[in-house]
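As structure tokens, the structure follows; a few thoughts come after it.
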Amino acid sequence: MLANHLQNGVETAKLIWSRLPNAEDASDAELDEDGVLRNDGFDGVESLDYEVIENYAYRQEQARRGKLYVWYYVGVKWFFALLIGIGTGFAAVLINISVENFAGWKYSWTFTIIQRSYVAGFIVYTSINLALVFSSVYIITQFAPAAAGSGIPEIKGYLNGIDTRGILLFRTLIGKVMAISYFDEIFGSIGSVGGGLALGKEGPLVHTGACIASLLGQGGSTKYHLSTRWLQVFKSDRDRRDLVTCGCAAGVAAAFRAPVGGVLFALEEVTSWWRSQLMWRVFFTSAVVAVVVRTAMGWCKTGNCGHFGSGGFIIWDLSDGQEDYSFAELLPMAIIGVIGGLLGALFNQLTLYITHWRRNYLHKKGNRVKIIEACLISVITSVISFGLPLFRKCSACPDSDASIECPRAPGMYGNYVNFFCTKENEYNDLATIFFNTQDDAIRNLFSAKTIHEYSAQSLLTFLVMFYGLAVVTFGTAVPAGQFVPGIMIGSTYGRLVGMFVVRLYEKLNIEEGTYALLGAASFLGGSMRMTVSLCVIMVEITNNLKLLPLIMLVLLISKAVGDAFNEGLYEEQARLRGIPLLESRPKNLMRKMTAKEACGNQKVCYFTRVVKVADVAAILRTNSHNGFPVVDQSRSGETMVIGLILRSHLLVLLQSKADFQHSPLAVDMRSQSIPIRHSLSDFVKPVSSKGLSISDIHLSPDDLEMYIDLAPFVNPSPYVVPEDMSLTKVYNLFRQLGLRHIFVVPRASRVIGMITRKDLIFEDNDDSGSVELQSTSVRGRHRGGNRVRTRNPDVGHPLLNGLLE
């Protein structure tokens with residue numbers, strides 16, 4: 001028996017030791033080396049306080065503010081929206097120019113060497129890829145673990161109300177940009193899949209925009225001494241959430257040069273709370289990004305961007321493609337949608353299984369294993385992509401379009417790559433896909449007037465190879481997006497279907513590139529389950545509005561097919577990472593449950609209005625709740641809830657000790673001389689950090705015997721629901737308002753009034769003191785045309801002695 005206890009104790013110690021964080025930074029204490037939450041449950045997750053805490057300090061500060069401050073507050077929001085757009089735009093320009101130059105150098109050196117020896121060219125090709133992959137994964141594992149992956153599931157969780165620590169730090173931003181600048185040029189780009197990993201950069205750009213927005217919202221980084229006090233205007237998670245939303249839209253707008261698509265992406269995919277004022281700022285931010293990127297493109301066209309003049313900015317112009325389509329083509333287009341839904345759902349399921357295995361078994365062995373894994377995948381990808389074109393027969397250059405050079409010059413971008421060909425006027429169609437940057441490879445597949453450029457065998461070979469590599473590569477310790485790889489996968493099988501349609505109908509106006517575009521849209525719809533935003537993004541990047549109905553058709557079909565099997569890619573990955581997202585629709589089971597049943601039989605931890613310091617410290621040590629009800633005695637002696645106080649506010653009060661008092665008597669809230677010892681900035685928690693802990697506070701025995709009056713610090717107007725309200729209604733209220741706590745109370749005994757829509761409509765020139773509430777059911781009777789107002793004797797005399805006055 002003793003031996004069993006000893007063995008259990010040793011195993012428990014090992015388990016605790018394995019869960020200790022490796023990083024020295026406390027902000028990463030809840031993250032593993034991938035930046036993933038350690039706990040598979042939700043215990044290690046902290047929610048964000050999007051609700052306005054209308055306590056005494058808040059009301060006093062609002063009373064002191066005038067119209068000038070309100071204009072300044074709004075002006076700073078717009079100024080930050082401008083800075084977010086400029087910063088994200090410049091980050092995208094830097095990344096894209098780096099992509100083009102690194103890829104251009106690699107291809108130039110490779111094609112120069114293979115003129116003498118293909119073996120030497122392969123060694124150089126693989127060595128460059130391996131060196132850059134190593135630099136990328138080393139930056140992530142050693143500098144910024146939270147920068148691994150796309151970052152979209154974490155940002156979606158943040159905007160849903162979940163704080164994943166470390167995802168918005170300054171070092172995460174630097175690690176993301178640095179890793180992309182070394183990674184995406186060679187191995188993250190899908191067009192140059194022979195150069196590295198089958199991943200994209202749109203997800204990291206969304207994460208980059210969110211990091212820039214978050215840093216601006218908190219006034220910079222205090223850890224790296226890059227903070228400015230005059231920028232520290234936004235004190236609440238609500239304001240920071242709006243800025244992060246602008247950053248997400250800016251990231252998509254910068255990645256695809258699709259400003260409207262960026263706005264819709266933020267609205268449809270990542271954010272859970274929206275309003276018209278936010279729409280304006282998000283739209284403005286995306287417009288600024290578009291201007292910055294357009295300006296950079298004009299500058300690059302003059303030859304200032306190095307190896308490739310265009311800078312690699314995504315835009316696949318299909319304006320010269322298929323002008324019209326017949327009714328008979330709708331069937332193969334619908335088939336493309338079905339294929340996209342099936343392959344997208346399969347992709348989500350396979351990546352879920354592999355990521356789960358990688359996280360639970362492989363990555364637990366340390367950073368060295370992560371580095372070896374990424375480098376091994378890079379070598380395998382280089383071997384496959386360099387070796388497969390060697391087995392393909394070269395084709396003669398077509399004479400249909402003299403404007404397209406065939407074969408293209410060695411090391412340059414475009415169609416028709418001469419690789420392992422015996423004649424000068426031949427090209428290798430499989431090498432044409434491999435030896436290009438990501439933008440140019442997709443542009444080749446989308447290109448019009450290039451019928452028979454690719455053979456069915458080459459497209460099928462590339463589809464199988466790239467699909468498998470994308471599944472295996474997703475989840476490695478590098479910044480990775482799946483939007484552009486999805487476009488490559490979809491465009492490959494879309495062009496295959498287009499080739500079949502051309503041969504079947506034998507019409508001259510059918511373009512294989514049009515079907516490639518529809519295939520790309522179908523796979524993204526089947527994998528990510530986006531509709532409106534994805535449709536607009538595809539139209540913007542192809543510059544062809546005529547294809548809008550066809551894109552809508554394949555998106556609807558692919559999403560419907562994919563939803564029959566599993567959830568979207570980001571939702572699956574968020575669940576795997578332990579991020580408890582509140583989806584847009586409640587579960588069907590909630591319709592049969594009430595709010596009281598959801599609370600369970602757990603006892604509620606609460607504080608009295610005047611509480612002993614020792615009791616506060618004891619409850620905070622024994623409970624992990626983030627909000628506590630505060631109760632007091634009414635005039636009749638009945639216990640009543642007077643508000644909600646947050647754990648973070650209690651910790652600030654305990655640390656400052658300024659509000660400790662010897663007497664257990666309550667403060668008279670009606671007095672006009674109540675000292676204000678705290679400002680709103682004292683209660684602000686740093687963004688994406690652990691914040692203050694009860695273990696950081698040291699209280700002497702004399703401190704523990706003192707008291708605190710919590711009335712000035714409680715939120716006297718928390719959201720309350722009756723105990724018999726259906727859980728569906730509670731869910732919708734909780735999610736749509738972005739709440740963190742809801743009180744469940746017994747059914748009220750009486751009603752003092754009822755507010756209708758009419759009561760909420762005020763004119764700007766109305767005197768607020770003369771406005772009468774037009775309650776529908778608790779309303780005085782009309783006598784002689786004049787309404788007699790009835791007044792409840794308790795109205796105007798709140799429980800907190802004037803706190804609400």
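Chain identifiers are assigned as A, B, and so on, following the order in which chains appear in the structure tokens; residues are numbered from 1 within each chain, and ligands are numbered from 1 in order of appearance.
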
Per residue of range 679-769 of chain A within 12 Å of range 57-80 of chain A, which atom pair is closest and at what distance in Å (one decimal), using only C-alpha atoms, listed by chain and increasing number, as JSON lines?
{"residue": "A:Ser679", "atom": "CA", "partner": "A:Ala57", "partner_atom": "CA", "distance": 6.4}
{"residue": "A:Leu680", "atom": "CA", "partner": "A:Tyr58", "partner_atom": "CA", "distance": 6.7}
{"residue": "A:Ser681", "atom": "CA", "partner": "A:Ala57", "partner_atom": "CA", "distance": 10.4}
{"residue": "A:Asp682", "atom": "CA", "partner": "A:Ala57", "partner_atom": "CA", "distance": 10.5}
{"residue": "A:Phe683", "atom": "CA", "partner": "A:Ala57", "partner_atom": "CA", "distance": 10.4}
{"residue": "A:Leu710", "atom": "CA", "partner": "A:Ala57", "partner_atom": "CA", "distance": 11.9}
{"residue": "A:Ala711", "atom": "CA", "partner": "A:Ala57", "partner_atom": "CA", "distance": 10.7}
{"residue": "A:Pro712", "atom": "CA", "partner": "A:Ala57", "partner_atom": "CA", "distance": 7.0}
{"residue": "A:Phe713", "atom": "CA", "partner": "A:Ala57", "partner_atom": "CA", "distance": 7.1}
{"residue": "A:Val714", "atom": "CA", "partner": "A:Ala57", "partner_atom": "CA", "distance": 9.7}
{"residue": "A:Asn715", "atom": "CA", "partner": "A:Tyr58", "partner_atom": "CA", "distance": 9.5}
{"residue": "A:Pro716", "atom": "CA", "partner": "A:Arg59", "partner_atom": "CA", "distance": 11.1}

Using only C-alpha atoms, I'd like a table of the residues in range 131-166 of chain A that come within 12 Å of range 379-392 of chain A; for each, show the closest atom pair and its distance in Å rounded to one decimal, ordered by chain and ascending number, as a Markdown table.
| residue | atom | partner | partner_atom | distance |
| --- | --- | --- | --- | --- |
| A:Ala131 | CA | A:Val379 | CA | 10.4 |
| A:Leu132 | CA | A:Val379 | CA | 11.5 |
| A:Val133 | CA | A:Val379 | CA | 9.6 |
| A:Phe134 | CA | A:Val379 | CA | 11.0 |

Residues of range 614-648 of chain A in alpha helix (DSSP H) according to DSSP, as a PyMOL selection string? chain A and resi 614-622+647-648

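Here the question is which of A:Thr422, A:Thr622, A:Gln115, A:Thr164 gets nearest to Ser47 in chain A using only C-alpha atoms, and that residue is A:Thr164.
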
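Our summary of the geometry notes that CA of Leu342 in chain A is positioned 8.8 Å from CA of Ser527 in chain A.
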
10 Å contact set for Leu518 in chain A, only C-alpha atoms, chain neighbours under 2 positions out, as a PDB file with all heavy atoms, in the first residue's frame:
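Saved file result-v7.pdb follows:
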ATOM      1  N   MET A 333     -20.072  22.919 -62.864  1.00  0.00           N
ATOM      2  CA  MET A 333     -19.741  23.899 -61.827  1.00  0.00           C
ATOM      3  C   MET A 333     -20.287  23.466 -60.465  1.00  0.00           C
ATOM      4  O   MET A 333     -19.630  23.633 -59.432  1.00  0.00           O
ATOM      5  CB  MET A 333     -20.285  25.267 -62.214  1.00  0.00           C
ATOM      6  CG  MET A 333     -19.594  25.888 -63.414  1.00  0.00           C
ATOM      7  SD  MET A 333     -20.345  27.456 -63.920  1.00  0.00           S
ATOM      8  CE  MET A 333     -19.339  27.872 -65.347  1.00  0.00           C
ATOM      9  N   ALA A 334     -21.502  22.896 -60.474  1.00  0.00           N
ATOM     10  CA  ALA A 334     -22.051  22.372 -59.222  1.00  0.00           C
ATOM     11  C   ALA A 334     -21.227  21.195 -58.724  1.00  0.00           C
ATOM     12  O   ALA A 334     -21.029  21.024 -57.504  1.00  0.00           O
ATOM     13  CB  ALA A 334     -23.509  21.968 -59.423  1.00  0.00           C
ATOM     14  N   ILE A 336     -18.061  20.885 -59.088  1.00  0.00           N
ATOM     15  CA  ILE A 336     -16.893  21.508 -58.455  1.00  0.00           C
ATOM     16  C   ILE A 336     -17.215  21.881 -57.010  1.00  0.00           C
ATOM     17  O   ILE A 336     -16.389  21.691 -56.101  1.00  0.00           O
ATOM     18  CB  ILE A 336     -16.439  22.733 -59.265  1.00  0.00           C
ATOM     19  CG1 ILE A 336     -15.812  22.304 -60.592  1.00  0.00           C
ATOM     20  CG2 ILE A 336     -15.441  23.561 -58.468  1.00  0.00           C
ATOM     21  CD1 ILE A 336     -15.373  23.457 -61.464  1.00  0.00           C
ATOM     22  N   GLY A 337     -18.415  22.411 -56.785  1.00  0.00           N
ATOM     23  CA  GLY A 337     -18.815  22.746 -55.424  1.00  0.00           C
ATOM     24  C   GLY A 337     -18.880  21.526 -54.524  1.00  0.00           C
ATOM     25  O   GLY A 337     -18.449  21.559 -53.360  1.00  0.00           O
ATOM     26  N   GLY A 340     -15.350  20.416 -53.762  1.00  0.00           N
ATOM     27  CA  GLY A 340     -14.751  21.319 -52.780  1.00  0.00           C
ATOM     28  C   GLY A 340     -15.245  21.050 -51.373  1.00  0.00           C
ATOM     29  O   GLY A 340     -14.461  21.097 -50.406  1.00  0.00           O
ATOM     30  N   PHE A 446      -4.944  30.281 -63.240  1.00  0.00           N
ATOM     31  CA  PHE A 446      -6.114  31.096 -63.550  1.00  0.00           C
ATOM     32  C   PHE A 446      -6.048  31.707 -64.951  1.00  0.00           C
ATOM     33  O   PHE A 446      -7.054  32.248 -65.431  1.00  0.00           O
ATOM     34  CB  PHE A 446      -6.249  32.238 -62.549  1.00  0.00           C
ATOM     35  CG  PHE A 446      -6.775  31.815 -61.209  1.00  0.00           C
ATOM     36  CD1 PHE A 446      -6.917  32.741 -60.193  1.00  0.00           C
ATOM     37  CD2 PHE A 446      -7.122  30.501 -60.960  1.00  0.00           C
ATOM     38  CE1 PHE A 446      -7.408  32.365 -58.954  1.00  0.00           C
ATOM     39  CE2 PHE A 446      -7.608  30.112 -59.717  1.00  0.00           C
ATOM     40  CZ  PHE A 446      -7.746  31.051 -58.709  1.00  0.00           C
ATOM     41  N   ILE A 487      -6.445  27.916 -52.154  1.00  0.00           N
ATOM     42  CA  ILE A 487      -6.648  28.384 -53.521  1.00  0.00           C
ATOM     43  C   ILE A 487      -5.876  27.509 -54.502  1.00  0.00           C
ATOM     44  O   ILE A 487      -6.378  27.143 -55.573  1.00  0.00           O
ATOM     45  CB  ILE A 487      -6.224  29.852 -53.651  1.00  0.00           C
ATOM     46  CG1 ILE A 487      -7.140  30.748 -52.818  1.00  0.00           C
ATOM     47  CG2 ILE A 487      -6.246  30.299 -55.113  1.00  0.00           C
ATOM     48  CD1 ILE A 487      -6.775  32.219 -52.864  1.00  0.00           C
ATOM     49  N   GLY A 490      -7.703  24.037 -54.731  1.00  0.00           N
ATOM     50  CA  GLY A 490      -8.955  24.144 -55.472  1.00  0.00           C
ATOM     51  C   GLY A 490      -8.762  24.475 -56.934  1.00  0.00           C
ATOM     52  O   GLY A 490      -9.463  23.936 -57.803  1.00  0.00           O
ATOM     53  N   SER A 491      -7.823  25.348 -57.224  1.00  0.00           N
ATOM     54  CA  SER A 491      -7.601  25.717 -58.625  1.00  0.00           C
ATOM     55  C   SER A 491      -7.056  24.546 -59.434  1.00  0.00           C
ATOM     56  O   SER A 491      -7.289  24.456 -60.642  1.00  0.00           O
ATOM     57  CB  SER A 491      -6.637  26.902 -58.703  1.00  0.00           C
ATOM     58  OG  SER A 491      -5.381  26.581 -58.116  1.00  0.00           O
ATOM     59  N   TYR A 493      -7.813  21.119 -59.021  1.00  0.00           N
ATOM     60  CA  TYR A 493      -8.886  20.223 -59.476  1.00  0.00           C
ATOM     61  C   TYR A 493      -9.947  20.988 -60.262  1.00  0.00           C
ATOM     62  O   TYR A 493     -10.658  20.398 -61.080  1.00  0.00           O
ATOM     63  CB  TYR A 493      -9.503  19.454 -58.310  1.00  0.00           C
ATOM     64  CG  TYR A 493     -10.308  20.253 -57.327  1.00  0.00           C
ATOM     65  CD1 TYR A 493     -11.584  20.722 -57.632  1.00  0.00           C
ATOM     66  CD2 TYR A 493      -9.818  20.506 -56.050  1.00  0.00           C
ATOM     67  CE1 TYR A 493     -12.339  21.428 -56.709  1.00  0.00           C
ATOM     68  CE2 TYR A 493     -10.556  21.219 -55.128  1.00  0.00           C
ATOM     69  CZ  TYR A 493     -11.814  21.675 -55.464  1.00  0.00           C
ATOM     70  OH  TYR A 493     -12.553  22.389 -54.558  1.00  0.00           O
ATOM     71  N   GLY A 494     -10.070  22.299 -60.046  1.00  0.00           N
ATOM     72  CA  GLY A 494     -10.977  23.086 -60.866  1.00  0.00           C
ATOM     73  C   GLY A 494     -10.536  23.131 -62.313  1.00  0.00           C
ATOM     74  O   GLY A 494     -11.364  23.029 -63.238  1.00  0.00           O
ATOM     75  N   ARG A 495      -9.242  23.238 -62.525  1.00  0.00           N
ATOM     76  CA  ARG A 495      -8.742  23.246 -63.904  1.00  0.00           C
ATOM     77  C   ARG A 495      -8.885  21.861 -64.534  1.00  0.00           C
ATOM     78  O   ARG A 495      -9.102  21.742 -65.748  1.00  0.00           O
ATOM     79  CB  ARG A 495      -7.293  23.700 -63.937  1.00  0.00           C
ATOM     80  CG  ARG A 495      -6.775  23.909 -65.354  1.00  0.00           C
ATOM     81  CD  ARG A 495      -5.702  24.955 -65.401  1.00  0.00           C
ATOM     82  NE  ARG A 495      -5.311  25.218 -66.792  1.00  0.00           N
ATOM     83  CZ  ARG A 495      -5.186  26.421 -67.319  1.00  0.00           C
ATOM     84  NH1 ARG A 495      -5.460  27.490 -66.581  1.00  0.00           N
ATOM     85  NH2 ARG A 495      -4.818  26.579 -68.570  1.00  0.00           N
ATOM     86  N   GLY A 498     -12.280  21.791 -65.700  1.00  0.00           N
ATOM     87  CA  GLY A 498     -12.363  22.653 -66.875  1.00  0.00           C
ATOM     88  C   GLY A 498     -11.848  21.975 -68.128  1.00  0.00           C
ATOM     89  O   GLY A 498     -12.420  22.147 -69.219  1.00  0.00           O
ATOM     90  N   GLY A 513      -9.126  28.403 -67.005  1.00  0.00           N
ATOM     91  CA  GLY A 513      -8.816  29.266 -65.866  1.00  0.00           C
ATOM     92  C   GLY A 513     -10.040  29.668 -65.080  1.00  0.00           C
ATOM     93  O   GLY A 513      -9.977  29.847 -63.851  1.00  0.00           O
ATOM     94  N   THR A 514     -11.184  29.819 -65.753  1.00  0.00           N
ATOM     95  CA  THR A 514     -12.421  30.150 -65.045  1.00  0.00           C
ATOM     96  C   THR A 514     -12.815  29.029 -64.104  1.00  0.00           C
ATOM     97  O   THR A 514     -13.230  29.268 -62.959  1.00  0.00           O
ATOM     98  CB  THR A 514     -13.544  30.422 -66.054  1.00  0.00           C
ATOM     99  OG1 THR A 514     -13.160  31.498 -66.902  1.00  0.00           O
ATOM    100  CG2 THR A 514     -14.838  30.764 -65.337  1.00  0.00           C
ATOM    101  N   TYR A 515     -12.676  27.801 -64.543  1.00  0.00           N
ATOM    102  CA  TYR A 515     -13.002  26.669 -63.687  1.00  0.00           C
ATOM    103  C   TYR A 515     -11.976  26.520 -62.563  1.00  0.00           C
ATOM    104  O   TYR A 515     -12.305  26.028 -61.474  1.00  0.00           O
ATOM    105  CB  TYR A 515     -13.072  25.394 -64.522  1.00  0.00           C
ATOM    106  CG  TYR A 515     -14.341  25.298 -65.333  1.00  0.00           C
ATOM    107  CD1 TYR A 515     -14.446  25.956 -66.564  1.00  0.00           C
ATOM    108  CD2 TYR A 515     -15.431  24.586 -64.879  1.00  0.00           C
ATOM    109  CE1 TYR A 515     -15.605  25.882 -67.316  1.00  0.00           C
ATOM    110  CE2 TYR A 515     -16.598  24.507 -65.617  1.00  0.00           C
ATOM    111  CZ  TYR A 515     -16.684  25.163 -66.839  1.00  0.00           C
ATOM    112  OH  TYR A 515     -17.844  25.100 -67.565  1.00  0.00           O
ATOM    113  N   ALA A 516     -10.747  26.921 -62.809  1.00  0.00           N
ATOM    114  CA  ALA A 516      -9.748  26.923 -61.733  1.00  0.00           C
ATOM    115  C   ALA A 516     -10.146  27.892 -60.631  1.00  0.00           C
ATOM    116  O   ALA A 516     -10.004  27.600 -59.434  1.00  0.00           O
ATOM    117  CB  ALA A 516      -8.374  27.277 -62.297  1.00  0.00           C
ATOM    118  N   ALA A 520     -11.026  26.979 -56.704  1.00  0.00           N
ATOM    119  CA  ALA A 520     -10.409  27.619 -55.538  1.00  0.00           C
ATOM    120  C   ALA A 520     -11.469  28.101 -54.550  1.00  0.00           C
ATOM    121  O   ALA A 520     -11.347  27.906 -53.337  1.00  0.00           O
ATOM    122  CB  ALA A 520      -9.527  28.782 -55.999  1.00  0.00           C
ATOM    123  N   ALA A 521     -12.523  28.730 -55.071  1.00  0.00           N
ATOM    124  CA  ALA A 521     -13.590  29.200 -54.195  1.00  0.00           C
ATOM    125  C   ALA A 521     -14.289  28.037 -53.502  1.00  0.00           C
ATOM    126  O   ALA A 521     -14.647  28.121 -52.317  1.00  0.00           O
ATOM    127  CB  ALA A 521     -14.600  30.020 -55.002  1.00  0.00           C
ATOM    128  N   SER A 522     -14.484  26.932 -54.215  1.00  0.00           N
ATOM    129  CA  SER A 522     -15.193  25.794 -53.630  1.00  0.00           C
ATOM    130  C   SER A 522     -14.400  25.155 -52.495  1.00  0.00           C
ATOM    131  O   SER A 522     -14.968  24.783 -51.466  1.00  0.00           O
ATOM    132  CB  SER A 522     -15.503  24.760 -54.717  1.00  0.00           C
ATOM    133  OG  SER A 522     -14.316  24.131 -55.171  1.00  0.00           O
ATOM    134  N   PHE A 523     -13.085  25.017 -52.665  1.00  0.00           N
ATOM    135  CA  PHE A 523     -12.300  24.394 -51.597  1.00  0.00           C
ATOM    136  C   PHE A 523     -12.258  25.296 -50.366  1.00  0.00           C
ATOM    137  O   PHE A 523     -12.351  24.800 -49.233  1.00  0.00           O
ATOM    138  CB  PHE A 523     -10.879  24.102 -52.076  1.00  0.00           C
ATOM    139  CG  PHE A 523     -10.061  23.367 -51.061  1.00  0.00           C
ATOM    140  CD1 PHE A 523     -10.165  21.989 -50.940  1.00  0.00           C
ATOM    141  CD2 PHE A 523      -9.193  24.044 -50.213  1.00  0.00           C
ATOM    142  CE1 PHE A 523      -9.418  21.302 -49.991  1.00  0.00           C
ATOM    143  CE2 PHE A 523      -8.452  23.369 -49.268  1.00  0.00           C
ATOM    144  CZ  PHE A 523      -8.562  21.990 -49.160  1.00  0.00           C
ATOM    145  N   MET A 538     -12.723  36.866 -53.604  1.00  0.00           N
ATOM    146  CA  MET A 538     -12.409  36.242 -54.886  1.00  0.00           C
ATOM    147  C   MET A 538     -12.712  37.178 -56.050  1.00  0.00           C
ATOM    148  O   MET A 538     -11.977  37.200 -57.049  1.00  0.00           O
ATOM    149  CB  MET A 538     -13.191  34.939 -55.045  1.00  0.00           C
ATOM    150  CG  MET A 538     -12.848  33.867 -54.016  1.00  0.00           C
ATOM    151  SD  MET A 538     -11.108  33.399 -53.986  1.00  0.00           S
ATOM    152  CE  MET A 538     -10.932  32.635 -55.588  1.00  0.00           C
ATOM    153  N   LEU A 547     -18.090  36.909 -62.885  1.00  0.00           N
ATOM    154  CA  LEU A 547     -18.026  35.584 -62.295  1.00  0.00           C
ATOM    155  C   LEU A 547     -18.703  35.503 -60.935  1.00  0.00           C
ATOM    156  O   LEU A 547     -18.713  34.433 -60.313  1.00  0.00           O
ATOM    157  CB  LEU A 547     -16.564  35.142 -62.149  1.00  0.00           C
ATOM    158  CG  LEU A 547     -15.744  35.085 -63.445  1.00  0.00           C
ATOM    159  CD1 LEU A 547     -14.313  34.697 -63.135  1.00  0.00           C
ATOM    160  CD2 LEU A 547     -16.359  34.110 -64.430  1.00  0.00           C
ATOM    161  N   LEU A 550     -21.405  32.711 -60.395  1.00  0.00           N
ATOM    162  CA  LEU A 550     -20.826  31.372 -60.374  1.00  0.00           C
ATOM    163  C   LEU A 550     -20.088  31.109 -59.063  1.00  0.00           C
ATOM    164  O   LEU A 550     -20.164  30.001 -58.502  1.00  0.00           O
ATOM    165  CB  LEU A 550     -19.871  31.200 -61.559  1.00  0.00           C
ATOM    166  CG  LEU A 550     -20.465  31.435 -62.949  1.00  0.00           C
ATOM    167  CD1 LEU A 550     -19.403  31.251 -64.016  1.00  0.00           C
ATOM    168  CD2 LEU A 550     -21.639  30.498 -63.180  1.00  0.00           C
ATOM    169  N   ILE A 551     -19.385  32.118 -58.565  1.00  0.00           N
ATOM    170  CA  ILE A 551     -18.696  31.961 -57.282  1.00  0.00           C
ATOM    171  C   ILE A 551     -19.706  31.742 -56.163  1.00  0.00           C
ATOM    172  O   ILE A 551     -19.505  30.907 -55.270  1.00  0.00           O
ATOM    173  CB  ILE A 551     -17.812  33.195 -57.009  1.00  0.00           C
ATOM    174  CG1 ILE A 551     -16.704  33.313 -58.065  1.00  0.00           C
ATOM    175  CG2 ILE A 551     -17.191  33.116 -55.620  1.00  0.00           C
ATOM    176  CD1 ILE A 551     -15.860  34.560 -57.929  1.00  0.00           C
ATOM    177  N   MET A 552     -20.805  32.470 -56.195  1.00  0.00           N
ATOM    178  CA  MET A 552     -21.848  32.285 -55.192  1.00  0.00           C
ATOM    179  C   MET A 552     -22.409  30.869 -55.248  1.00  0.00           C
ATOM    180  O   MET A 552     -22.668  30.246 -54.205  1.00  0.00           O
ATOM    181  CB  MET A 552     -22.959  33.311 -55.401  1.00  0.00           C
ATOM    182  CG  MET A 552     -22.531  34.753 -55.184  1.00  0.00           C
ATOM    183  SD  MET A 552     -23.803  35.938 -55.652  1.00  0.00           S
ATOM    184  CE  MET A 552     -25.077  35.543 -54.452  1.00  0.00           C
ATOM    185  N   LEU A 553     -22.592  30.345 -56.439  1.00  0.00           N
ATOM    186  CA  LEU A 553     -23.145  29.001 -56.589  1.00  0.00           C
ATOM    187  C   LEU A 553     -22.243  27.953 -55.960  1.00  0.00           C
ATOM    188  O   LEU A 553     -22.695  27.121 -55.144  1.00  0.00           O
ATOM    189  CB  LEU A 553     -23.356  28.699 -58.077  1.00  0.00           C
ATOM    190  CG  LEU A 553     -23.766  27.263 -58.423  1.00  0.00           C
ATOM    191  CD1 LEU A 553     -25.149  26.958 -57.860  1.00  0.00           C
ATOM    192  CD2 LEU A 553     -23.722  27.033 -59.934  1.00  0.00           C
ATOM    193  N   VAL A 554     -20.964  27.967 -56.290  1.00  0.00           N
ATOM    194  CA  VAL A 554     -20.061  26.935 -55.771  1.00  0.00           C
ATOM    195  C   VAL A 554     -19.829  27.104 -54.267  1.00  0.00           C
ATOM    196  O   VAL A 554     -19.645  26.116 -53.541  1.00  0.00           O
ATOM    197  CB  VAL A 554     -18.717  26.948 -56.544  1.00  0.00           C
ATOM    198  CG1 VAL A 554     -18.926  26.609 -57.998  1.00  0.00           C
ATOM    199  CG2 VAL A 554     -17.995  28.281 -56.404  1.00  0.00           C
ATOM    200  N   LEU A 555     -19.864  28.333 -53.773  1.00  0.00           N
ATOM    201  CA  LEU A 555     -19.687  28.549 -52.339  1.00  0.00           C
ATOM    202  C   LEU A 555     -20.858  27.980 -51.546  1.00  0.00           C
ATOM    203  O   LEU A 555     -20.673  27.340 -50.501  1.00  0.00           O
ATOM    204  CB  LEU A 555     -19.518  30.038 -52.040  1.00  0.00           C
ATOM    205  CG  LEU A 555     -18.144  30.654 -52.320  1.00  0.00           C
ATOM    206  CD1 LEU A 555     -18.159  32.140 -52.052  1.00  0.00           C
ATOM    207  CD2 LEU A 555     -17.089  29.978 -51.452  1.00  0.00           C
TER     208      LEU A 555
END

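Shortest atom-to-atom contact with Ile339 in chain A among A:Cys535, A:Val497, A:Ala658, A:Ala92: A:Val497, counting only C-alpha atoms.
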
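The spacing separating CA of Ala574 in chain A from CA of Leu352 in chain A amounts to 10.4 Å.
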
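Computed from the coordinates, the CA of Val611 in chain A to CA of Asp659 in chain A distance equals 11.7 Å.
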
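The residues of range 667-757 of chain A that DSSP classifies as strand (DSSP E), using the backbone of this structure, are Tyr707, Ile708, Asp709, Val720, Val721, Pro722, Phe743, Val744 and Val745 of chain A.
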
Between A:Gln573, A:Val338, A:Gly151, A:Asp239, which residue has the minimum interatomic distance to Glu51 in chain A, considering only C-alpha atoms? A:Asp239

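When only C-alpha atoms are used to measure the gap to Ser717 in chain A, the shortest distance among A:Gly157, A:Gly121, A:Pro549, A:Pro629 belongs to A:Pro629.
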
Taking 4 positions as the minimum chain separation for residues in the same chain, which residues sit within 8 Å of Ala477 in chain A when counting only C-alpha atoms? Answer as a PyMOL selection string. chain A and resi 34+137+140-141+145+148-149+370-371+374

Skipping near chain neighbours, those fewer than 5 positions away, what residues fall within 10 Å of Ala210 in chain A using only C-alpha atoms, listed as a PyMOL selection string? chain A and resi 84+88+151-152+155+167-168+173+204-205+215-216+241+243-251

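All residues of protein, DNA or RNA that reach within 12 Å of Pro586 in chain A, judged by only C-alpha atoms and not counting those fewer than 3 positions away in the chain, are A:Leu581, A:Leu582, A:Glu583, A:Leu589, A:Met590, A:Arg591, A:Lys592, A:Met593, A:Ser726, A:Leu727, A:Thr728, A:Lys729, A:Val730, A:Tyr731, A:Asn732, A:Leu733, A:Phe734, A:Arg735, A:Gln736.
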
Closest to Asp615 in chain A among A:Ile708, A:Val206, A:Leu644, A:Val745, using only C-alpha atoms? A:Ile708
